[in-house]
$ cat entry_2.cif   # mmCIF, C-alpha atoms and all ligand atoms
data_start
loop_
_atom_site.label_atom_id
_atom_site.label_comp_id
_atom_site.auth_asym_id
_atom_site.auth_seq_id
_atom_site.Cartn_x
_atom_site.Cartn_y
_atom_site.Cartn_z
CA MET R 19 12.32 8.68 -92.64
CA THR R 20 15.57 6.99 -91.80
CA THR R 21 16.46 6.06 -88.24
CA LEU R 22 19.70 7.19 -86.66
CA THR R 23 21.04 3.63 -86.91
CA GLU R 24 20.38 3.68 -90.66
CA GLN R 25 21.95 7.12 -91.06
CA ILE R 26 25.04 5.89 -89.24
CA GLU R 27 25.19 2.75 -91.37
CA ILE R 28 24.96 4.73 -94.60
CA LYS R 29 27.55 7.27 -93.48
CA LEU R 30 29.96 4.56 -92.33
CA GLU R 31 29.49 2.68 -95.61
CA GLU R 32 30.77 5.79 -97.43
CA THR R 33 33.64 6.50 -95.07
CA GLN R 34 35.01 3.14 -93.94
CA ASP R 35 38.31 3.68 -95.75
CA GLU R 36 38.79 6.73 -93.58
CA LEU R 37 38.28 4.58 -90.48
CA LEU R 38 40.93 2.11 -91.62
CA GLN R 39 43.23 5.02 -92.42
CA LEU R 40 42.82 6.28 -88.86
CA LEU R 41 43.68 2.84 -87.52
CA GLU R 42 46.67 2.70 -89.84
CA GLU R 43 47.92 5.99 -88.40
CA LEU R 44 47.54 4.74 -84.82
CA VAL R 45 49.29 1.45 -85.58
CA ARG R 46 52.20 3.36 -87.12
CA PHE R 47 53.19 4.74 -83.69
CA PRO R 48 55.39 2.01 -82.16
CA THR R 49 53.97 2.38 -78.66
CA VAL R 50 55.28 -0.97 -77.45
CA SER R 51 55.46 -1.65 -73.75
CA PRO R 52 57.90 -2.73 -72.51
CA PRO R 53 60.09 -0.71 -72.98
CA ALA R 54 57.34 1.99 -72.85
CA ARG R 55 58.06 5.76 -72.46
CA ASN R 56 57.26 6.12 -76.16
CA THR R 57 53.65 7.29 -76.42
CA THR R 58 53.95 11.08 -76.52
CA GLU R 59 53.56 11.38 -80.29
CA ALA R 60 50.63 8.97 -80.45
CA GLN R 61 48.92 10.78 -77.60
CA LEU R 62 49.47 14.16 -79.29
CA PHE R 63 47.80 12.70 -82.37
CA ILE R 64 44.76 11.64 -80.34
CA GLN R 65 44.66 14.93 -78.48
CA ASN R 66 44.66 16.74 -81.78
CA TYR R 67 41.92 14.48 -83.16
CA LEU R 68 39.76 15.13 -80.11
CA GLU R 69 40.30 18.88 -80.29
CA HIS R 70 39.13 18.88 -83.89
CA LEU R 71 35.95 17.29 -82.58
CA ASN R 72 35.55 20.16 -80.09
CA PHE R 73 36.81 18.32 -77.03
CA LYS R 74 38.62 20.25 -74.31
CA THR R 75 41.66 18.15 -73.51
CA GLU R 76 44.18 17.66 -70.77
CA LYS R 77 47.48 15.86 -71.20
CA TRP R 78 49.82 14.91 -68.36
CA ASP R 79 52.84 12.67 -67.97
CA VAL R 80 52.10 9.56 -65.94
CA PHE R 81 55.73 8.64 -66.56
CA PRO R 82 58.19 10.77 -68.56
CA GLY R 83 57.42 10.05 -72.22
CA ASP R 84 54.10 8.39 -71.39
CA PRO R 85 51.31 10.95 -71.08
CA ASN R 86 47.61 10.32 -70.57
CA VAL R 87 45.15 12.31 -72.66
CA VAL R 88 41.62 13.02 -71.49
CA GLY R 89 39.16 15.00 -73.58
CA ILE R 90 35.72 16.17 -72.52
CA ARG R 91 33.01 17.54 -74.78
CA LYS R 92 30.42 19.21 -72.61
CA GLY R 93 26.84 18.31 -73.36
CA THR R 94 24.18 20.95 -73.90
CA ASP R 95 22.40 19.94 -70.67
CA SER R 96 25.15 18.27 -68.64
CA ASP R 97 23.45 18.42 -65.28
CA ARG R 98 20.40 16.47 -66.30
CA TYR R 99 21.72 14.05 -68.91
CA ASN R 100 23.97 11.02 -68.65
CA SER R 101 27.69 11.33 -69.13
CA LEU R 102 29.85 8.65 -70.68
CA ILE R 103 33.52 7.70 -70.44
CA LEU R 104 35.20 5.91 -73.33
CA ASN R 105 38.50 4.44 -72.20
CA GLY R 106 41.28 2.82 -74.17
CA HIS R 107 45.00 2.20 -73.81
CA ILE R 108 47.46 3.48 -76.41
CA ASP R 109 50.31 1.11 -75.48
CA VAL R 110 50.64 -2.25 -77.23
CA ALA R 111 52.27 -5.53 -76.36
CA GLU R 112 55.96 -5.88 -77.16
CA VAL R 113 57.00 -7.30 -80.52
CA GLY R 114 60.60 -8.37 -80.03
CA ASP R 115 61.87 -10.33 -83.00
CA ASP R 116 59.47 -9.51 -85.84
CA SER R 117 60.91 -11.97 -88.36
CA ASN R 118 57.83 -14.19 -88.00
CA TRP R 119 55.51 -11.38 -89.00
CA THR R 120 54.26 -11.47 -92.59
CA SER R 121 54.78 -7.71 -92.82
CA SER R 122 55.92 -4.90 -90.53
CA PRO R 123 53.91 -4.93 -87.27
CA PHE R 124 53.57 -1.15 -87.46
CA GLN R 125 52.32 -1.00 -91.05
CA LEU R 126 48.64 -1.92 -91.15
CA ARG R 127 48.08 -4.62 -93.78
CA LYS R 128 44.68 -5.40 -95.21
CA GLU R 129 44.09 -8.93 -96.44
CA ASN R 130 40.73 -10.53 -97.13
CA LYS R 131 38.45 -9.73 -94.24
CA TYR R 132 41.11 -8.68 -91.75
CA VAL R 133 43.60 -5.97 -90.98
CA TYR R 134 46.93 -6.96 -89.45
CA GLY R 135 49.28 -4.98 -87.23
CA ARG R 136 50.43 -4.66 -83.62
CA GLY R 137 47.51 -3.25 -81.67
CA ALA R 138 44.86 -4.09 -84.30
CA ALA R 139 42.99 -6.20 -81.74
CA ASP R 140 44.55 -4.86 -78.51
CA MET R 141 43.44 -2.16 -78.78
CA LYS R 142 44.10 0.52 -81.35
CA GLY R 143 41.17 -0.95 -83.27
CA GLY R 144 38.87 -0.01 -80.39
CA LEU R 145 40.42 3.45 -80.06
CA ALA R 146 40.17 4.19 -83.79
CA CYS R 147 36.55 3.04 -83.99
CA ALA R 148 35.48 5.06 -80.95
CA LEU R 149 37.15 8.22 -82.24
CA PHE R 150 35.56 7.62 -85.62
CA SER R 151 32.10 7.01 -84.16
CA ILE R 152 32.29 10.42 -82.48
CA LYS R 153 33.35 11.94 -85.80
CA LEU R 154 30.35 10.33 -87.53
CA LEU R 155 27.95 11.70 -84.94
CA THR R 156 29.53 15.15 -85.25
CA GLU R 157 29.25 15.11 -89.04
CA LEU R 158 25.65 13.96 -88.83
CA GLY R 159 24.97 16.93 -86.56
CA ILE R 160 23.80 14.79 -83.64
CA GLU R 161 23.67 16.89 -80.50
CA LEU R 162 24.63 15.30 -77.18
CA LYS R 163 23.00 16.62 -74.01
CA GLY R 164 25.29 14.76 -71.59
CA ASP R 165 29.09 15.01 -71.36
CA LEU R 166 31.24 12.75 -73.47
CA GLN R 167 34.70 11.93 -72.13
CA PHE R 168 37.50 10.17 -73.97
CA GLN R 169 40.40 8.70 -71.98
CA SER R 170 43.45 7.59 -73.96
CA VAL R 171 45.66 6.05 -71.32
CA ILE R 172 49.14 4.59 -71.10
CA GLY R 173 50.70 1.63 -69.42
CA GLU R 174 47.97 -1.01 -69.45
CA GLU R 175 50.25 -3.71 -70.83
CA VAL R 176 52.65 -3.45 -67.89
CA GLY R 177 50.23 -2.68 -65.09
CA GLU R 178 50.96 1.04 -65.08
CA ALA R 179 47.34 1.98 -64.62
CA GLY R 180 47.10 5.19 -66.62
CA THR R 181 43.41 4.75 -65.89
CA LEU R 182 44.05 4.91 -62.14
CA SER R 183 45.79 8.21 -62.76
CA CYS R 184 42.59 9.49 -64.45
CA THR R 185 40.34 8.50 -61.55
CA GLU R 186 42.84 9.92 -59.06
CA LYS R 187 42.54 13.24 -60.89
CA GLY R 188 38.80 13.07 -60.35
CA TYR R 189 37.64 12.20 -63.84
CA THR R 190 34.28 10.49 -63.47
CA GLY R 191 31.08 9.72 -65.34
CA ASP R 192 27.72 7.97 -65.17
CA PHE R 193 28.97 5.00 -67.16
CA ALA R 194 32.24 3.84 -68.72
CA ILE R 195 33.16 1.52 -71.55
CA VAL R 196 36.69 0.16 -71.68
CA MET R 197 37.03 -0.70 -75.35
CA ASP R 198 39.59 -3.43 -74.86
CA THR R 199 39.63 -6.75 -76.68
CA SER R 200 36.36 -8.60 -75.94
CA HIS R 201 35.12 -9.81 -79.34
CA LEU R 202 32.15 -7.49 -78.80
CA ASN R 203 31.11 -9.31 -75.64
CA ILE R 204 30.07 -7.17 -72.67
CA GLN R 205 32.34 -8.21 -69.86
CA GLY R 206 33.36 -7.86 -66.25
CA GLN R 207 36.49 -9.47 -64.89
CA GLY R 208 38.25 -11.08 -61.97
CA GLY R 209 41.19 -9.25 -60.47
CA VAL R 210 44.94 -9.74 -60.31
CA ILE R 211 47.47 -8.61 -57.78
CA THR R 212 51.15 -9.43 -57.62
CA GLY R 213 53.17 -9.54 -54.45
CA TRP R 214 56.63 -10.19 -53.06
CA ILE R 215 57.07 -12.45 -50.04
CA THR R 216 60.43 -12.21 -48.31
CA VAL R 217 61.95 -14.66 -45.84
CA LYS R 218 64.98 -13.08 -44.20
CA SER R 219 67.45 -14.25 -41.58
CA LYS R 220 68.76 -11.78 -39.03
CA GLN R 221 72.24 -13.35 -39.27
CA THR R 222 74.44 -14.43 -42.12
CA PHE R 223 76.30 -17.76 -41.79
CA HIS R 224 79.12 -19.42 -43.67
CA ASP R 225 78.29 -22.57 -45.60
CA GLY R 226 80.65 -24.48 -43.29
CA LEU R 227 78.28 -23.93 -40.36
CA ARG R 228 75.38 -25.76 -41.94
CA SER R 229 75.99 -28.98 -40.04
CA LYS R 230 75.76 -27.08 -36.74
CA MET R 231 72.44 -25.61 -37.85
CA ILE R 232 70.73 -28.84 -38.82
CA HIS R 233 72.23 -31.59 -36.63
CA ALA R 234 71.69 -32.60 -33.03
CA GLY R 235 73.89 -30.68 -30.65
CA GLY R 236 74.95 -28.14 -33.28
CA GLY R 237 73.69 -25.30 -31.15
CA ILE R 238 73.19 -22.69 -33.90
CA LYS R 239 69.59 -21.58 -34.29
CA GLY R 240 69.77 -20.56 -37.89
CA ALA R 241 68.07 -21.53 -41.11
CA SER R 242 68.34 -21.32 -44.85
CA ALA R 243 65.85 -18.75 -46.12
CA ILE R 244 65.49 -20.86 -49.28
CA GLU R 245 64.44 -23.92 -47.30
CA LYS R 246 62.04 -21.90 -45.18
CA MET R 247 60.54 -20.48 -48.37
CA MET R 248 59.56 -24.06 -49.24
CA LYS R 249 57.18 -23.96 -46.27
CA VAL R 250 55.77 -20.66 -47.49
CA ILE R 251 55.19 -22.12 -50.94
CA GLN R 252 53.50 -25.14 -49.40
CA GLY R 253 51.29 -22.82 -47.38
CA LEU R 254 50.32 -20.96 -50.55
CA GLN R 255 49.45 -24.23 -52.27
CA GLU R 256 47.19 -25.22 -49.37
CA LEU R 257 45.42 -21.87 -49.51
CA GLU R 258 45.10 -22.08 -53.29
CA ARG R 259 43.45 -25.50 -52.96
CA HIS R 260 41.18 -24.22 -50.22
CA TRP R 261 40.10 -21.30 -52.38
CA SER R 262 39.45 -23.51 -55.39
CA ILE R 263 37.14 -25.68 -53.30
CA THR R 264 35.34 -22.97 -51.35
CA LYS R 265 35.07 -20.03 -53.74
CA SER R 266 33.30 -19.64 -57.07
CA TYR R 267 31.72 -17.00 -59.26
CA PRO R 268 29.18 -17.32 -62.09
CA GLY R 269 30.84 -17.17 -65.51
CA PHE R 270 34.15 -18.65 -64.34
CA PRO R 271 35.29 -22.26 -64.30
CA PRO R 272 36.10 -23.32 -60.74
CA GLY R 273 39.69 -22.99 -59.62
CA ILE R 274 40.79 -20.03 -61.72
CA ASN R 275 41.51 -18.15 -58.48
CA THR R 276 45.13 -19.29 -58.47
CA ILE R 277 48.27 -18.28 -56.58
CA ASN R 278 51.23 -18.65 -58.90
CA PRO R 279 54.77 -18.74 -57.47
CA ALA R 280 56.14 -17.00 -60.55
CA VAL R 281 59.68 -15.94 -59.69
CA ILE R 282 62.05 -16.89 -56.89
CA GLU R 283 65.26 -15.09 -55.95
CA GLY R 284 67.42 -16.10 -53.03
CA GLY R 285 70.83 -16.79 -51.56
CA ARG R 286 73.99 -14.84 -52.20
CA HIS R 287 76.76 -17.33 -53.00
CA ALA R 288 77.57 -21.03 -52.68
CA ALA R 289 79.83 -20.26 -49.71
CA PHE R 290 76.92 -18.96 -47.60
CA ILE R 291 73.74 -20.16 -46.02
CA ALA R 292 70.98 -18.35 -47.88
CA ASP R 293 70.03 -15.48 -45.61
CA GLU R 294 67.29 -14.06 -47.81
CA CYS R 295 64.76 -15.46 -50.26
CA LYS R 296 62.10 -13.55 -52.19
CA LEU R 297 59.11 -15.01 -53.97
CA TRP R 298 57.10 -13.12 -56.56
CA ILE R 299 53.53 -14.35 -56.73
CA THR R 300 50.59 -13.64 -59.00
CA VAL R 301 47.17 -13.93 -57.41
CA HIS R 302 43.90 -14.17 -59.34
CA PHE R 303 40.65 -13.44 -57.53
CA TYR R 304 36.94 -13.24 -58.27
CA PRO R 305 34.89 -10.15 -59.18
CA ASP R 306 33.18 -10.05 -55.78
CA GLU R 307 36.52 -9.87 -53.96
CA THR R 308 38.76 -6.86 -53.39
CA TYR R 309 42.51 -7.12 -53.43
CA GLU R 310 42.60 -5.91 -49.83
CA GLU R 311 40.54 -8.94 -48.74
CA VAL R 312 42.72 -11.31 -50.73
CA ILE R 313 45.92 -9.82 -49.27
CA LYS R 314 44.56 -10.25 -45.75
CA GLU R 315 43.68 -13.90 -46.37
CA ILE R 316 47.15 -14.70 -47.68
CA GLU R 317 48.98 -12.85 -44.92
CA ASP R 318 46.82 -14.45 -42.19
CA HIS R 319 47.36 -17.90 -43.62
CA LEU R 320 51.14 -17.49 -43.94
CA TYR R 321 51.48 -16.03 -40.44
CA ASN R 322 49.75 -19.17 -39.17
CA THR R 323 52.06 -21.30 -41.31
CA ALA R 324 55.00 -19.46 -39.77
CA LEU R 325 53.72 -20.03 -36.22
CA ALA R 326 54.03 -23.78 -36.78
CA ASP R 327 57.77 -23.47 -37.47
CA PRO R 328 60.17 -22.58 -34.63
CA TRP R 329 62.44 -20.47 -36.85
CA LEU R 330 59.76 -18.83 -39.02
CA LYS R 331 57.84 -17.99 -35.86
CA GLU R 332 60.66 -15.62 -34.93
CA ASN R 333 61.39 -14.59 -38.50
CA PRO R 334 57.95 -14.28 -40.09
CA PRO R 335 57.66 -13.60 -43.83
CA GLU R 336 57.33 -10.00 -44.97
CA PHE R 337 55.05 -8.78 -47.74
CA ARG R 338 55.05 -6.10 -50.41
CA TRP R 339 51.89 -6.02 -52.47
CA GLY R 340 51.00 -4.63 -55.89
CA GLY R 341 52.81 -1.70 -57.40
CA LYS R 342 52.22 0.94 -60.01
CA SER R 343 54.38 -0.56 -62.72
CA MET R 344 55.86 -3.91 -63.70
CA ILE R 345 58.77 -1.95 -65.16
CA GLU R 346 59.49 0.47 -62.29
CA ASP R 347 58.65 -1.57 -59.23
CA ARG R 348 57.93 -5.09 -60.42
CA GLY R 349 54.37 -5.10 -59.26
CA GLU R 350 50.85 -4.50 -60.54
CA ILE R 351 47.20 -4.49 -59.59
CA PHE R 352 44.18 -5.05 -61.79
CA PRO R 353 41.08 -4.66 -59.61
CA SER R 354 38.14 -6.91 -60.39
CA LEU R 355 34.92 -5.65 -61.97
CA GLU R 356 31.40 -6.88 -61.36
CA ILE R 357 28.79 -5.94 -63.91
CA ASN R 358 25.10 -5.42 -63.52
CA PRO R 359 23.20 -6.69 -66.58
CA ASP R 360 20.16 -4.66 -65.51
CA HIS R 361 22.02 -1.35 -65.40
CA PRO R 362 20.21 0.95 -67.88
CA ALA R 363 23.44 1.58 -69.81
CA VAL R 364 24.18 -2.12 -70.13
CA VAL R 365 20.61 -2.74 -71.32
CA ARG R 366 20.90 0.01 -73.92
CA LEU R 367 24.34 -1.13 -75.06
CA SER R 368 23.02 -4.68 -75.48
CA ASN R 369 20.05 -3.43 -77.47
CA HIS R 370 22.21 -1.42 -79.87
CA HIS R 371 24.59 -4.35 -80.22
CA LYS R 372 21.67 -6.56 -81.22
CA LYS R 373 20.24 -4.01 -83.66
CA VAL R 374 23.60 -3.66 -85.40
CA THR R 375 24.80 -7.28 -85.40
CA ASN R 376 21.46 -9.14 -85.38
CA GLU R 377 22.85 -11.17 -82.54
CA GLU R 378 22.07 -11.20 -78.84
CA ALA R 379 24.82 -9.50 -76.83
CA VAL R 380 26.85 -11.94 -74.75
CA ILE R 381 27.20 -10.60 -71.23
CA GLY R 382 29.81 -12.40 -69.18
CA MET R 383 33.23 -12.46 -67.70
CA SER R 384 36.60 -11.98 -69.38
CA THR R 385 39.31 -14.56 -68.82
CA SER R 386 41.79 -11.69 -68.96
CA VAL R 387 42.14 -8.39 -67.10
CA ASN R 388 42.28 -4.75 -68.13
CA ASP R 389 41.83 -1.25 -66.70
CA SER R 390 38.05 -1.52 -66.27
CA GLY R 391 38.48 -2.54 -62.62
CA TRP R 392 39.99 0.86 -61.78
CA LEU R 393 36.87 2.61 -63.07
CA GLY R 394 34.60 0.25 -61.15
CA ARG R 395 36.67 0.82 -58.03
CA ALA R 396 36.19 4.57 -58.43
CA GLY R 397 32.44 3.97 -58.25
CA ILE R 398 31.80 4.31 -61.98
CA PRO R 399 29.57 1.57 -63.46
CA ALA R 400 31.73 0.08 -66.21
CA VAL R 401 32.03 -2.74 -68.72
CA THR R 402 34.57 -3.94 -71.22
CA TYR R 403 33.25 -3.93 -74.76
CA GLY R 404 35.58 -3.84 -77.75
CA PRO R 405 36.57 -5.43 -81.04
CA GLY R 406 39.15 -8.17 -81.49
CA GLN R 407 39.76 -11.60 -80.03
CA LEU R 408 42.03 -12.39 -77.11
CA GLU R 409 43.80 -15.10 -79.15
CA ASP R 410 44.92 -12.35 -81.53
CA ALA R 411 46.01 -9.88 -78.87
CA HIS R 412 49.79 -9.97 -78.31
CA SER R 413 50.23 -12.53 -81.13
CA VAL R 414 52.43 -12.60 -84.20
CA ASP R 415 50.38 -11.22 -87.14
CA GLU R 416 47.89 -9.68 -84.72
CA LYS R 417 44.65 -9.10 -86.59
CA VAL R 418 41.09 -7.89 -86.28
CA SER R 419 38.08 -8.50 -88.48
CA ILE R 420 37.07 -5.43 -90.51
CA HIS R 421 33.44 -6.46 -90.12
CA GLU R 422 33.84 -6.39 -86.35
CA LEU R 423 35.43 -2.93 -86.48
CA LEU R 424 32.47 -1.64 -88.48
CA ASP R 425 29.92 -3.25 -86.16
CA PHE R 426 31.69 -1.79 -83.15
CA THR R 427 31.79 1.69 -84.69
CA LYS R 428 28.07 1.58 -85.47
CA THR R 429 27.12 0.25 -82.04
CA MET R 430 29.23 2.88 -80.31
CA ALA R 431 27.79 5.73 -82.37
CA CYS R 432 24.23 4.56 -81.61
CA PHE R 433 24.95 4.00 -77.95
CA ILE R 434 26.67 7.36 -77.44
CA ALA R 435 23.78 9.20 -79.11
CA ASP R 436 21.27 7.27 -76.99
CA TRP R 437 22.96 7.26 -73.57
CA CYS R 438 24.15 10.86 -73.63
CA ASN R 439 20.63 11.96 -74.58
CA THR R 440 18.97 10.02 -71.75
CA ARG R 441 18.06 11.74 -68.49
CA LYS R 442 20.11 10.88 -65.45
CA GLU R 443 18.34 8.63 -62.98
CA ARG R 444 17.83 10.43 -59.69
CA GLU R 445 17.61 8.33 -56.60
ZN ZN R 501 44.40 -4.36 -74.00
#
$ encode --input "entry_2.cif" --output "structure tokens"
Amino acid sequence: MTTLTEQIEIKLEETQDELLQLLEELVRFPTVSPPARNTTEAQLFIQNYLEHLNFKTEKWDVFPGDPNVVGIRKGTDSDRYNSLILNGHIDVAEVGDDSNWTSSPFQLRKENKYVYGRGAADMKGGLACALFSIKLLTELGIELKGDLQFQSVIGEEVGEAGTLSCTEKGYTGDFAIVMDTSHLNIQGQGGVITGWITVKSKQTFHDGLRSKMIHAGGGIKGASAIEKMMKVIQGLQELERHWSITKSYPGFPPGINTINPAVIEGGRHAAFIADECKLWITVHFYPDETYEEVIKEIEDHLYNTALADPWLKENPPEFRWGGKSMIEDRGEIFPSLEINPDHPAVVRLSNHHKKVTNEEAVIGMSTSVNDSGWLGRAGIPAVTYGPGQLEDAHSVDEKVSIHELLDFTKTMACFIADWCNTRKERE
């Protein structure tokens, strides 16, 4: 008698060209972001694919021209058996000038042991394999007792959190896998939040008045917002150093919890004293921190910095945190994700990974961020687990190993069949 793993291996052996064809079709949709607003056709394709596999689907615009698609296939005993969410983003990193590419970024090219194309690693490879693993299970007649949910989301590349839109609509499950680029490691992540800090003067002064603002007896209590921003930046550097010394998290090198002054905008014209200055910062934090905590620490520290300056004391910095899109409101949030290696789903996923690859699963932390934090934040135990290497994501001649795609497809098929046929744990 053959085991399910063997059946899946044999079936995939026969049909792997079909898997690569599916990936080729996904890569052909130029769903680059930015500019975004270009995923409708690709999402219709996925919706159609899911419906052929007996999923009930919902599609809604997160932004015009960028719909999410969620499909659910009810299990035969939903109430008592585990449900699973498979999540992936359909948007890909921008290409820009493609003259350095060996061939068209949107035409999948197979060479030696790899396939090349935009999204191969990040993460149309993961999407194609997951869809195909469900197809394999369906064709093998494997019944699932728990619900299987597929989320094809938009906007991940520019912090648009299509996944957040799914959790806001109430989509949930007993476990979730975000199939983003992890080289088949099982990963959690730190978080990222961006913010704008504004220093603003209540009055506007002519450049000619500067001497009266900075010299003895001048009598004008004014300041350049640009110069005051220097104090804010210094304050951020002190806090960053303090964090690097006092905070840590297993799986991360110390000091990756940085505060980057990424963009500065200020002043209006050489004939004026700068009456406004804005700083755009990027903050990285650890998996055991929430962005709310991090925001509070920064604001508290900068209010104290401001108190030590006579002008800033009366004109304290203002803050605008996060945002739902780097394109629409120049801001984003990627919540952090802790993972529990003893969670029954993580244990089972690791076991299937080992059976398929003959290697111990590596459970750790990603150096990057993706949508998994939104699922964790919604109370859904989640991990990132997907094919492709981060070095290849976003790169010229983006590629993914065919072997890795096949391993991922097998592991996913085995895991889905196992997890969705395991009884829910009742507390
Ligand atoms: Zn990605």
$ residues_near_ligand --input "entry_2.cif" --ligand "ligand ZN 501 (chain R)" --cutoff "8 Å" --atoms "all atoms listed in the file" --output "list in words"
Gly106, His107, Val110, Asp140, Met141, Glu174, Glu175, Asp198, Thr199, Asn388 and Ala411 of chain R
$ closest_residue --input "entry_2.cif" --among "R:Leu297, R:Ile357, R:Leu149, R:Ile160" --to "Glu336 (chain R)" --atoms "all atoms listed in the file"
R:Leu297
$ closest_atom_pairs --input "entry_2.cif" --of "region 270-361 of chain R" --to "region 214-217 of chain R" --cutoff "6 Å" --atoms "only C-alpha atoms" --output "tab-separated table"
residue	atom	partner	partner_atom	distance
R:Glu294	CA	R:Val217	CA	5.7
R:Cys295	CA	R:Val217	CA	5.3
R:Lys296	CA	R:Thr216	CA	4.4
R:Leu297	CA	R:Ile215	CA	5.1
R:Trp298	CA	R:Trp214	CA	4.6
R:Pro335	CA	R:Val217	CA	4.9
R:Glu336	CA	R:Thr216	CA	5.1
R:Phe337	CA	R:Ile215	CA	4.8
R:Arg338	CA	R:Trp214	CA	5.1
$ atom_distance --input "entry_2.cif" --atom1 "CA of Tyr403 (chain R)" --atom2 "CA of Ile345 (chain R)"
27.3 Å
$ residues_near_point --input "entry_2.cif" --point "(33.4, -8.6, -61.2)" --cutoff "12 Å" --atoms "only C-alpha atoms" --output "PyMOL selection string"
chain R and resi 205-210+266-270+303-308+352-359+381-388+390-395+399-402
$ residues_near_point --input "entry_2.cif" --point "(39.2, 2.2, -85.3)" --cutoff "9 Å" --atoms "all atoms listed in the file" --output "JSON, numbers by chain"
{"R": [37, 38, 39, 40, 41, 42, 44, 138, 141, 142, 143, 144, 145, 146, 147, 148, 149, 150, 151, 423, 424, 426, 427]}
$ write_last_selection --input "entry_2.cif" --atoms "C-alpha atoms" --output "compact mmCIF listing (two decimals), keeping the file's coordinate frame"
# COMPACT_ATOMS: atom_id res chain seq x y z
CA LEU R 37 38.28 4.58 -90.48
CA LEU R 38 40.93 2.11 -91.62
CA GLN R 39 43.23 5.02 -92.42
CA LEU R 40 42.82 6.28 -88.86
CA LEU R 41 43.68 2.84 -87.52
CA GLU R 42 46.67 2.70 -89.84
CA LEU R 44 47.54 4.74 -84.82
CA ALA R 138 44.86 -4.09 -84.30
CA MET R 141 43.44 -2.16 -78.78
CA LYS R 142 44.10 0.52 -81.35
CA GLY R 143 41.17 -0.95 -83.27
CA GLY R 144 38.87 -0.01 -80.39
CA LEU R 145 40.42 3.45 -80.06
CA ALA R 146 40.17 4.19 -83.79
CA CYS R 147 36.55 3.04 -83.99
CA ALA R 148 35.48 5.06 -80.95
CA LEU R 149 37.15 8.22 -82.24
CA PHE R 150 35.56 7.62 -85.62
CA SER R 151 32.10 7.01 -84.16
CA LEU R 423 35.43 -2.93 -86.48
CA LEU R 424 32.47 -1.64 -88.48
CA PHE R 426 31.69 -1.79 -83.15
CA THR R 427 31.79 1.69 -84.69
$ closest_residue --input "entry_2.cif" --among "R:His371, R:Lys128, R:His233, R:Lys163" --to "Cys432 (chain R)" --atoms "only C-alpha atoms"
R:His371
$ residues_around --input "entry_2.cif" --residues "Ile211 (chain R)" --least-positions-apart "6" --cutoff "7 Å" --atoms "only C-alpha atoms" --output "list in words"
Thr300, Val301, His302, Tyr309, Gly340, Glu350, Ile351 and Phe352 of chain R
$ atom_distance --input "entry_2.cif" --atom1 "CA of Leu162 (chain R)" --atom2 "CA of Asp95 (chain R)"
8.3 Å
$ residues_around --input "entry_2.cif" --residues "Pro334 (chain R)" --least-positions-apart "5" --cutoff "9 Å" --atoms "only C-alpha atoms" --output "VMD selection string"
chain R and resid 216 to 218 320 to 321 324 to 325 329
$ write_last_selection --input "entry_2.cif" --atoms "C-alpha atoms" --output "PDB file, in the frame of the given file"
ATOM      1  CA  THR R 216      60.430 -12.210 -48.310  1.00  0.00           C
ATOM      2  CA  VAL R 217      61.950 -14.660 -45.840  1.00  0.00           C
ATOM      3  CA  LYS R 218      64.980 -13.080 -44.200  1.00  0.00           C
ATOM      4  CA  LEU R 320      51.140 -17.490 -43.940  1.00  0.00           C
ATOM      5  CA  TYR R 321      51.480 -16.030 -40.440  1.00  0.00           C
ATOM      6  CA  ALA R 324      55.000 -19.460 -39.770  1.00  0.00           C
ATOM      7  CA  LEU R 325      53.720 -20.030 -36.220  1.00  0.00           C
ATOM      8  CA  TRP R 329      62.440 -20.470 -36.850  1.00  0.00           C
TER       9      TRP R 329
END
$ closest_residue --input "entry_2.cif" --among "R:Thr375, R:Ser183, R:Thr23, R:Thr429" --to "Val80 (chain R)" --atoms "all atoms listed in the file"
R:Ser183
$ closest_residue --input "entry_2.cif" --among "R:Glu315, R:Glu24, R:Glu59, R:Glu129" --to "Asp415 (chain R)" --atoms "all atoms listed in the file"
R:Glu129
$ closest_residue --input "entry_2.cif" --among "R:Asp360, R:Glu157, R:Asn56, R:Ala289" --to "Gly226 (chain R)" --atoms "all atoms listed in the file"
R:Ala289
$ atom_distance --input "entry_2.cif" --atom1 "CA of Asn275 (chain R)" --atom2 "CA of Ser262 (chain R)"
6.5 Å
$ residues_around --input "entry_2.cif" --residues "region 167-172 of chain R" --least-positions-apart "5" --cutoff "7 Å" --atoms "all atoms listed in the file" --output "ChimeraX atom specification"
/R:84-91,102-109,180-181
$ closest_residue --input "entry_2.cif" --among "R:Gly273, R:Gly341, R:Pro53, R:Gly164" --to "Gly93 (chain R)" --atoms "only C-alpha atoms"
R:Gly164
$ residues_around --input "entry_2.cif" --residues "Ala139 (chain R)" --least-positions-apart "6" --cutoff "6 Å" --atoms "all atoms listed in the file" --output "PyMOL selection string"
chain R and resi 406+411+417-418
$ residues_around --input "entry_2.cif" --residues "His319 (chain R)" --least-positions-apart "2" --cutoff "12 Å" --atoms "all atoms listed in the file" --output "JSON, numbers by chain"
{"R": [249, 250, 251, 252, 253, 254, 255, 256, 257, 258, 260, 261, 312, 313, 314, 315, 316, 317, 321, 322, 323, 324, 325, 326, 334, 335]}
$ decode --input "entry_2.cif" --residues "region 154-162 of chain R" --atoms "C-alpha atoms" --output "short mmCIF file (atom, residue, chain, number, x, y, z; two decimals), in the first residue's frame"
data_model
loop_
_atom_site.label_atom_id
_atom_site.label_comp_id
_atom_site.auth_asym_id
_atom_site.auth_seq_id
_atom_site.Cartn_x
_atom_site.Cartn_y
_atom_site.Cartn_z
CA LEU R 154 -3.56 17.27 -6.59
CA LEU R 155 -5.52 16.45 -3.44
CA THR R 156 -8.80 16.94 -5.30
CA GLU R 157 -7.72 14.67 -8.14
CA LEU R 158 -6.55 12.04 -5.68
CA GLY R 159 -10.00 12.17 -4.10
CA ILE R 160 -8.70 13.19 -0.67
CA GLU R 161 -11.58 14.41 1.46
CA LEU R 162 -10.98 17.28 3.88
#
